[in-house]
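Peer 1: Input file: my_file.csv. Contents: CSV, C-alpha atoms.
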```csv
chain,number,residue,atom,x,y,z
H,1,MET,CA,-124.4,34.6,-76.6
H,2,ARG,CA,-126.4,36.4,-79.3
H,3,ILE,CA,-125.8,35.7,-82.9
H,4,THR,CA,-127.7,36.5,-86.1
H,5,VAL,CA,-128.4,34.1,-88.9
H,6,LYS,CA,-129.4,35.4,-92.4
H,7,LEU,CA,-130.9,33.1,-94.9
H,8,PHE,CA,-131.0,33.8,-98.6
H,9,ALA,CA,-132.9,32.6,-101.7
H,10,THR,CA,-134.6,29.2,-101.3
H,11,PHE,CA,-133.4,28.8,-97.7
H,12,ARG,CA,-136.2,31.3,-96.8
H,13,ASP,CA,-138.9,28.8,-98.0
H,14,GLY,CA,-140.7,27.8,-94.9
H,15,ARG,CA,-138.2,29.6,-92.7
H,16,GLN,CA,-137.6,33.2,-91.6
H,17,LYS,CA,-135.3,35.6,-93.4
H,18,ILE,CA,-133.4,36.5,-90.3
H,19,TYR,CA,-133.0,34.7,-86.9
H,20,ASP,CA,-131.7,36.4,-83.8
H,21,MET,CA,-130.6,33.5,-81.7
H,22,ASP,CA,-129.7,33.6,-78.0
H,23,LEU,CA,-127.5,30.6,-77.4
H,24,PRO,CA,-126.4,29.4,-74.0
H,25,GLU,CA,-123.0,28.1,-74.9
H,26,VAL,CA,-120.3,27.7,-77.5
H,27,THR,CA,-121.7,26.6,-80.9
H,28,THR,CA,-120.6,26.1,-84.5
H,29,VAL,CA,-122.2,26.9,-87.8
H,30,GLN,CA,-122.8,23.2,-88.3
H,31,ASN,CA,-125.0,23.2,-85.1
H,32,ILE,CA,-126.9,26.2,-86.3
H,33,ILE,CA,-127.8,24.8,-89.7
H,34,SER,CA,-128.8,21.5,-88.2
H,35,SER,CA,-131.2,23.3,-85.9
H,36,LEU,CA,-132.7,25.0,-89.0
H,37,GLY,CA,-133.1,21.8,-90.8
H,38,ILE,CA,-130.5,22.7,-93.5
H,39,GLU,CA,-128.0,20.1,-94.7
H,40,LYS,CA,-124.3,21.0,-95.1
H,41,SER,CA,-124.6,19.7,-98.7
H,42,GLU,CA,-127.3,22.3,-99.5
H,43,VAL,CA,-125.0,25.3,-98.6
H,44,ALA,CA,-122.8,26.8,-101.3
H,45,ILE,CA,-121.8,30.0,-99.7
H,46,LEU,CA,-121.3,30.4,-95.9
H,47,LEU,CA,-120.3,33.8,-94.6
H,48,ILE,CA,-119.4,34.8,-91.1
H,49,ASN,CA,-119.6,38.5,-90.7
H,50,GLY,CA,-119.6,38.9,-94.4
H,51,ARG,CA,-116.4,36.8,-95.0
H,52,ASP,CA,-116.0,33.3,-96.3
H,53,GLY,CA,-116.4,31.0,-93.3
H,54,ASP,CA,-116.2,27.4,-92.1
H,55,PHE,CA,-118.8,25.0,-90.8
H,56,ASP,CA,-116.7,24.1,-87.8
H,57,LYS,CA,-115.9,27.6,-86.7
H,58,GLU,CA,-116.9,28.4,-83.1
H,59,LEU,CA,-119.1,31.5,-83.1
H,60,VAL,CA,-118.6,34.4,-80.8
H,61,GLU,CA,-121.0,37.0,-79.4
H,62,GLY,CA,-122.4,39.3,-82.1
H,63,ASP,CA,-121.4,37.1,-85.1
H,64,THR,CA,-123.6,37.1,-88.2
H,65,VAL,CA,-123.9,34.0,-90.2
H,66,SER,CA,-125.2,34.2,-93.8
H,67,LEU,CA,-126.2,31.1,-95.9
H,68,PHE,CA,-126.7,30.9,-99.6
H,69,PRO,CA,-127.8,27.9,-101.6
H,70,PRO,CA,-125.9,26.9,-104.8
H,71,VAL,CA,-127.0,28.6,-108.0
H,72,GLY,CA,-125.7,26.7,-111.1
H,73,GLY,CA,-128.1,27.1,-114.0
H,74,GLY,CA,-127.1,28.6,-117.4
C,1,MET,CA,-112.4,53.9,-140.1
C,2,LEU,CA,-114.9,52.3,-137.7
C,3,PRO,CA,-117.9,50.7,-139.5
C,4,LYS,CA,-121.1,52.7,-139.0
C,5,ARG,CA,-122.8,49.8,-137.2
C,6,TYR,CA,-120.6,50.6,-134.2
C,7,SER,CA,-121.4,54.3,-134.1
C,8,ARG,CA,-123.7,54.0,-131.1
C,9,ASN,CA,-121.0,52.2,-129.1
C,10,ILE,CA,-119.1,55.5,-129.1
C,11,ALA,CA,-118.4,57.1,-126.6
C,12,THR,CA,-119.4,54.3,-124.2
C,13,ILE,CA,-116.1,52.9,-125.5
C,14,SER,CA,-113.7,55.0,-127.6
C,15,GLU,CA,-113.1,54.3,-131.4
C,16,GLU,CA,-109.7,52.9,-130.5
C,17,GLU,CA,-111.2,50.6,-128.0
C,18,ASN,CA,-113.9,49.5,-130.5
C,19,GLN,CA,-111.1,48.8,-133.1
C,20,SER,CA,-109.1,46.8,-130.5
C,21,ILE,CA,-112.0,44.5,-129.6
C,22,CYS,CA,-112.4,43.6,-133.3
C,23,ASN,CA,-109.2,41.7,-132.9
C,24,LYS,CA,-110.1,39.9,-129.7
C,25,LYS,CA,-111.3,36.3,-129.2
C,26,VAL,CA,-113.9,35.3,-126.6
C,27,CYS,CA,-114.8,31.7,-125.9
C,28,VAL,CA,-118.4,31.2,-124.7
C,29,VAL,CA,-118.9,27.8,-123.0
C,30,GLY,CA,-122.6,27.0,-123.1
C,31,CYS,CA,-125.0,28.4,-125.8
C,32,GLY,CA,-128.2,28.1,-123.8
C,33,GLY,CA,-129.9,30.7,-121.6
C,34,LEU,CA,-126.9,32.8,-120.6
C,35,GLY,CA,-124.7,31.9,-123.6
C,36,GLY,CA,-127.2,32.8,-126.3
C,37,TYR,CA,-127.6,36.4,-124.9
C,38,VAL,CA,-123.8,36.7,-124.3
C,39,ILE,CA,-123.0,35.7,-127.9
C,40,GLU,CA,-125.6,38.1,-129.3
C,41,MET,CA,-124.3,41.0,-127.2
C,42,LEU,CA,-120.6,40.3,-127.9
C,43,ALA,CA,-121.3,40.2,-131.6
C,44,ARG,CA,-123.2,43.4,-131.6
C,45,LEU,CA,-120.4,45.1,-129.7
C,46,GLY,CA,-118.0,44.0,-132.3
C,47,ILE,CA,-115.9,41.3,-130.6
C,48,GLY,CA,-114.0,40.0,-133.7
C,49,HIS,CA,-113.9,36.3,-132.9
C,50,ILE,CA,-116.3,34.2,-130.8
C,51,ILE,CA,-115.9,30.5,-130.0
C,52,ALA,CA,-119.4,29.1,-129.3
C,53,VAL,CA,-119.3,25.8,-127.4
C,54,ASP,CA,-122.3,23.5,-126.7
C,55,GLY,CA,-122.9,19.8,-127.3
C,56,ASP,CA,-126.7,20.0,-127.0
C,57,VAL,CA,-129.5,20.6,-129.5
C,58,PHE,CA,-132.5,22.9,-128.8
C,59,GLU,CA,-135.6,21.3,-127.3
C,60,GLU,CA,-139.0,22.7,-126.5
C,61,SER,CA,-138.3,23.4,-122.9
C,62,ASN,CA,-135.6,25.9,-124.0
C,63,LEU,CA,-138.1,28.1,-125.7
C,64,ASN,CA,-139.1,30.1,-122.6
C,65,ARG,CA,-135.7,31.7,-122.2
C,66,GLN,CA,-133.0,30.7,-124.7
C,67,ILE,CA,-132.7,33.6,-127.2
C,68,LEU,CA,-131.1,31.5,-130.0
C,69,SER,CA,-134.0,29.0,-129.9
C,70,ASP,CA,-137.2,29.2,-131.8
C,71,VAL,CA,-139.8,26.8,-133.1
C,72,GLU,CA,-137.8,26.2,-136.3
C,73,SER,CA,-134.5,25.5,-134.5
C,74,LEU,CA,-135.8,22.6,-132.3
C,75,GLY,CA,-133.4,19.7,-132.8
C,76,ILE,CA,-130.6,22.0,-134.2
C,77,LYS,CA,-127.2,22.1,-132.4
C,78,LYS,CA,-127.0,25.2,-130.2
C,79,ALA,CA,-123.5,26.1,-131.3
C,80,LEU,CA,-124.5,26.0,-134.9
C,81,ALA,CA,-127.6,28.1,-134.2
C,82,ALA,CA,-125.3,30.6,-132.6
C,83,ARG,CA,-123.1,30.8,-135.7
C,84,GLU,CA,-126.1,31.2,-138.0
C,85,ARG,CA,-127.6,33.9,-135.9
C,86,ILE,CA,-124.4,35.9,-135.8
C,87,LYS,CA,-124.0,35.7,-139.6
C,88,LYS,CA,-127.3,37.6,-139.8
C,89,VAL,CA,-126.6,40.0,-136.9
C,90,ASN,CA,-122.9,40.9,-137.6
C,91,PRO,CA,-121.1,39.3,-140.5
C,92,LEU,CA,-117.9,41.1,-139.4
C,93,VAL,CA,-117.7,38.6,-136.5
C,94,GLN,CA,-116.2,35.2,-137.0
C,95,VAL,CA,-118.0,32.5,-135.0
C,96,GLU,CA,-116.3,29.1,-134.5
C,97,ALA,CA,-119.0,26.6,-133.5
C,98,ILE,CA,-117.8,23.7,-131.3
C,99,THR,CA,-120.7,21.1,-131.1
C,100,LYS,CA,-119.2,19.2,-128.2
C,101,ARG,CA,-119.5,19.3,-124.5
C,102,LEU,CA,-116.4,20.7,-122.7
C,103,THR,CA,-114.5,17.9,-121.1
C,104,ALA,CA,-111.1,17.5,-119.4
C,105,GLU,CA,-109.8,16.0,-122.7
C,106,ASN,CA,-110.9,18.8,-125.0
C,107,ALA,CA,-111.0,21.9,-122.7
C,108,LYS,CA,-107.4,23.1,-123.3
C,109,GLN,CA,-107.7,22.9,-127.0
C,110,ILE,CA,-111.0,24.7,-127.1
C,111,ILE,CA,-110.2,27.7,-124.8
C,112,ASP,CA,-106.5,28.1,-125.8
C,113,ASN,CA,-105.8,31.5,-127.4
C,114,ALA,CA,-109.0,33.0,-126.1
C,115,ASP,CA,-108.5,36.5,-124.5
C,116,VAL,CA,-111.5,35.8,-122.2
C,117,VAL,CA,-113.6,32.8,-121.4
C,118,VAL,CA,-117.3,33.1,-120.5
C,119,ASP,CA,-118.9,30.5,-118.2
C,120,ALA,CA,-122.4,30.0,-119.4
C,121,LEU,CA,-122.6,26.4,-118.4
C,122,ASP,CA,-125.3,24.6,-116.4
C,123,SER,CA,-123.2,22.2,-114.4
C,124,ILE,CA,-121.2,23.1,-111.3
C,125,GLU,CA,-118.8,20.2,-112.0
C,126,THR,CA,-118.0,21.5,-115.5
C,127,ARG,CA,-117.6,25.0,-114.2
C,128,LEU,CA,-114.9,23.9,-111.8
C,129,LEU,CA,-113.2,22.1,-114.6
C,130,LEU,CA,-113.3,25.2,-116.8
C,131,GLU,CA,-111.9,27.3,-114.0
C,132,ALA,CA,-109.0,24.9,-113.5
C,133,PHE,CA,-108.1,25.1,-117.2
C,134,CYS,CA,-108.5,28.9,-117.4
C,135,GLN,CA,-106.1,29.1,-114.4
C,136,GLU,CA,-103.6,26.8,-116.1
C,137,LEU,CA,-103.7,28.8,-119.3
C,138,GLU,CA,-103.9,32.1,-117.4
C,139,ILE,CA,-107.1,33.3,-119.2
C,140,PRO,CA,-109.6,35.4,-117.3
C,141,LEU,CA,-113.0,33.7,-116.7
C,142,VAL,CA,-116.3,35.5,-116.4
C,143,HIS,CA,-118.8,33.4,-114.4
C,144,GLY,CA,-122.5,33.6,-114.5
C,145,ALA,CA,-125.2,31.3,-113.0
C,146,ILE,CA,-129.0,31.5,-112.7
C,147,ALA,CA,-131.8,29.8,-110.9
C,148,GLY,CA,-135.4,31.1,-110.9
C,149,TRP,CA,-135.4,34.7,-109.5
C,150,TYR,CA,-131.7,34.4,-108.5
C,151,GLY,CA,-128.5,35.0,-110.3
C,152,GLN,CA,-124.8,35.6,-109.7
C,153,VAL,CA,-121.8,37.0,-111.5
C,154,CYS,CA,-118.1,36.8,-110.8
C,155,THR,CA,-114.8,37.4,-112.7
C,156,VAL,CA,-111.9,35.1,-112.0
C,157,LEU,CA,-108.5,36.4,-112.9
C,158,PRO,CA,-105.4,34.2,-113.3
C,159,GLY,CA,-104.1,33.3,-109.8
C,160,GLU,CA,-107.6,33.5,-108.3
C,161,ARG,CA,-109.8,30.4,-107.9
C,162,THR,CA,-113.0,32.1,-106.7
C,163,LEU,CA,-115.4,29.5,-108.1
C,164,SER,CA,-113.7,26.7,-106.2
C,165,ARG,CA,-114.2,28.8,-103.0
C,166,PHE,CA,-117.9,29.2,-103.3
C,167,TYR,CA,-118.7,25.9,-105.0
C,168,LYS,CA,-116.8,24.0,-102.3
C,169,ASP,CA,-118.1,20.6,-103.5
C,170,LYS,CA,-118.3,19.7,-107.2
C,171,SER,CA,-121.2,17.5,-106.5
C,172,LEU,CA,-123.4,20.4,-105.3
C,173,SER,CA,-126.8,20.4,-107.0
C,174,GLY,CA,-127.9,23.9,-108.0
C,175,VAL,CA,-131.4,25.1,-106.9
C,176,GLU,CA,-132.3,25.7,-110.6
C,177,LYS,CA,-133.1,21.9,-110.7
C,178,LYS,CA,-136.1,22.8,-108.5
C,179,LEU,CA,-136.7,26.4,-109.5
C,180,GLY,CA,-136.2,26.2,-113.3
C,181,ASN,CA,-135.2,29.4,-115.1
C,182,PRO,CA,-137.6,32.2,-116.4
C,183,SER,CA,-136.9,34.5,-119.4
C,184,PHE,CA,-135.6,37.5,-117.6
C,185,THR,CA,-132.8,36.1,-115.3
C,186,PRO,CA,-130.5,34.9,-118.1
C,187,ALA,CA,-130.8,38.2,-120.0
C,188,LEU,CA,-129.8,40.1,-116.8
C,189,ILE,CA,-126.9,38.0,-115.8
C,190,ALA,CA,-125.7,37.7,-119.4
C,191,SER,CA,-125.6,41.5,-119.7
C,192,MET,CA,-123.5,41.8,-116.6
C,193,GLN,CA,-121.1,39.1,-117.9
C,194,VAL,CA,-120.7,40.9,-121.2
C,195,SER,CA,-119.9,44.2,-119.4
C,196,GLU,CA,-117.2,42.3,-117.4
C,197,VAL,CA,-115.8,40.8,-120.7
C,198,LEU,CA,-115.7,44.3,-122.3
C,199,LYS,CA,-113.9,45.8,-119.3
C,200,LEU,CA,-111.4,43.0,-119.3
C,201,LEU,CA,-110.7,43.6,-123.0
C,202,ILE,CA,-110.4,47.4,-122.9
C,203,LYS,CA,-108.7,47.3,-119.5
C,204,ARG,CA,-110.9,49.9,-118.0
C,205,GLY,CA,-113.4,50.1,-115.1
C,206,ASP,CA,-113.9,47.9,-112.0
C,207,LEU,CA,-114.2,44.2,-112.2
C,208,LEU,CA,-116.1,41.7,-110.0
C,209,ASN,CA,-112.9,39.8,-109.2
C,210,LYS,CA,-112.2,38.3,-105.8
C,211,LYS,CA,-115.9,38.9,-105.1
C,212,ILE,CA,-119.3,37.7,-106.2
C,213,LEU,CA,-122.5,39.6,-107.0
C,214,LEU,CA,-125.6,37.8,-105.8
C,215,ILE,CA,-128.9,39.0,-107.1
C,216,ASP,CA,-132.4,38.2,-105.8
C,217,LEU,CA,-134.9,39.8,-108.1
C,218,LEU,CA,-137.9,38.6,-106.1
C,219,ARG,CA,-136.9,40.7,-103.1
C,220,HIS,CA,-134.6,43.3,-104.8
C,221,GLU,CA,-131.5,42.2,-102.9
C,222,TYR,CA,-128.1,42.8,-104.5
C,223,ASP,CA,-125.1,41.7,-102.4
C,224,ILE,CA,-121.4,41.9,-103.4
C,225,ILE,CA,-119.4,39.5,-101.2
C,226,ASP,CA,-115.6,39.5,-101.0
C,227,PHE,CA,-113.9,36.2,-101.5
```
Could you render the structure as structure tokens?

Peer 2:
Amino acid sequence: MRITVKLFATFRDGRQKIYDMDLPEVTTVQNIISSLGIEKSEVAILLINGRDGDFDKELVEGDTVSLFPPVGGG
Amino acid sequence: MLPKRYSRNIATISEEENQSICNKKVCVVGCGGLGGYVIEMLARLGIGHIIAVDGDVFEESNLNRQILSDVESLGIKKALAARERIKKVNPLVQVEAITKRLTAENAKQIIDNADVVVDALDSIETRLLLEAFCQELEIPLVHGAIAGWYGQVCTVLPGERTLSRFYKDKSLSGVEKKLGNPSFTPALIASMQVSEVLKLLIKRGDLLNKKILLIDLLRHEYDIIDF
């Protein structure tokens, strides 16, 4: 199963901008962020195919996951 | 007759629209990086009443980006500095300075009767509180937030709770704690917030509601995401 993971802003520090992953079995967003060394608590916006998504969602072939950190300054 | 000081607003907005905003009230919560620019631009446009809310005083670390701060204003309450600045810029505008932090106890009283509220805060928890009170009082909220090279803008109309959807956890710590904020990001995001406020007030144009604009100035990436 092939999926794409796009990282934004500070998630790119020390990582790639885009990962094309070939995963052998069913997986969730939670598993993917863990494999990238990102904590759930660091993610503000999680999109699956450009729409608001959930960490426990099981991904399907061709899905694109986008992750944004929280921006809160003023 | 429209005062001559607004002549260059025309025909970006019509004379009637400019007259109408002279009777509007906008509450700006936070008078720091974003809020300072927002208040300046609202006053120059001719928004008649501005409520400037901030419990803090200016300190040296604000000088790199907060337009209302200067060497002489260190130690001065930010909301009072906003009022004094606008007296010089546009005395036709009334500024009410609230020198307190927004809390669950005072929020309703502060934002009540505002036509639009601007989120220029620096705390995710207080933003969510502000959104809840704007929802309760059915007041549109224009959100902006910044961190380093990054910024975001979103308009929340009554019946929408967009901030609660992308700040899922009120204890989230923003990346600005690590990245700081330079001079240019607040000016950019504040400009976009003011254009959203104006469109809300004149009921014209497209709003960033049910969506968020995310900006990465380092890599020139501009994404609008539907929520």

Peer 1: Just need the residues of chain C within 6 Å of chain H, counting all atoms listed in the file, so spit them out as number ranges by chain.

Peer 2: C: 33-34, 120-122, 124, 145-147, 166-167, 174-176

Peer 1: If we count only C-alpha atoms, what is near stretch 13-17 of chain H at a cut-off of 10 Å, once residues fewer than 5 positions away on the same chain are taken out, given as a ChimeraX atom specification?

Peer 2: /H:5-8,36-37

Peer 1: Nearest residue to C:Ser173 out of C:Ser123, C:Ser73, C:Ser14, C:Asn9, using all atoms listed in the file?

Peer 2: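 Ranked by minimum distance to C:Ser173, first place goes to C:Ser123.
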
Peer 1: What does the structure give for the distance between atom CA of C:Ser69 and atom CA of C:Cys154, in Å to one decimal?

Peer 2: 26.0 Å

Peer 1: Which polymer residues have any atom within 12 Å of an atom of C:Ser195, counting all atoms listed in the file, with same-chain residues fewer than 6 positions away left out, as a list in words?

Peer 2: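 So the residues in contact are Thr12, Ile13, Val38, Met41, Leu42, Leu45, Val118, Val142, His143, Gly144, Val153, Cys154, Thr155, Leu188, Ile189, Leu201, Ile202, Lys203, Arg204, Gly205, Asp206, Leu207 and Leu208 of chain C.
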
Peer 1: Nearest to C:Gly35: which of C:Lys88, C:Ala187, C:Leu172, C:Glu196 is it, counting only C-alpha atoms?

Peer 2: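 Smallest distance to C:Gly35 is found for C:Ala187.
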
Peer 1: I'd like the contact shell of H:Phe55 - 10 Å cut-off, all atoms listed in the file, skipping same-chain residues fewer than 3 positions apart - returned as a PyMOL selection string.

Peer 2: chain H and resi 28-33+40+43+46-48+58

Peer 1: Please produce a file of the residues just selected, as a short mmCIF file (atom, residue, chain, number, x, y, z; two decimals), in the coordinates of the input, where the atoms kept are C-alpha atoms.

Peer 2:
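See selection.cif below for the written result:
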```
data_model
loop_
_atom_site.label_atom_id
_atom_site.label_comp_id
_atom_site.auth_asym_id
_atom_site.auth_seq_id
_atom_site.Cartn_x
_atom_site.Cartn_y
_atom_site.Cartn_z
CA THR H 28 -120.60 26.10 -84.50
CA VAL H 29 -122.20 26.90 -87.80
CA GLN H 30 -122.80 23.20 -88.30
CA ASN H 31 -125.00 23.20 -85.10
CA ILE H 32 -126.90 26.20 -86.30
CA ILE H 33 -127.80 24.80 -89.70
CA LYS H 40 -124.30 21.00 -95.10
CA VAL H 43 -125.00 25.30 -98.60
CA LEU H 46 -121.30 30.40 -95.90
CA LEU H 47 -120.30 33.80 -94.60
CA ILE H 48 -119.40 34.80 -91.10
CA GLU H 58 -116.90 28.40 -83.10
#
```

Peer 1: Have a look at atom CA of C:Glu16 and atom CA of C:Ala190 and let me know their distance in Å, one decimal.

Peer 2: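 Atom-to-atom, atom CA of C:Glu16 to atom CA of C:Ala190, that is 24.7 Å.
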
Peer 1: For atom CA of C:Gln193 and atom CA of C:Asp119, determine how far apart the two atoms are, in Å to one decimal place.

Peer 2: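 About the pair atom CA of C:Gln193 and atom CA of C:Asp119: they are 8.9 Å apart.
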
Peer 1: Just the residues within 12 Å of C:Lys87, please, counting only C-alpha atoms, with nothing from its chain fewer than 4 positions along; format it as a PyMOL selection string.

Peer 2: chain C and resi 39-40+43-44+50+80-83+91-96

Peer 1: Hey, which of C:Asp70, C:Asp112, C:Glu125, C:Glu131 ends up closest to C:Ser171? Count only C-alpha atoms.

Peer 2: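 Going through C:Asp70, C:Asp112, C:Glu125, C:Glu131 one by one, the smallest distance to C:Ser171 is for C:Glu125.
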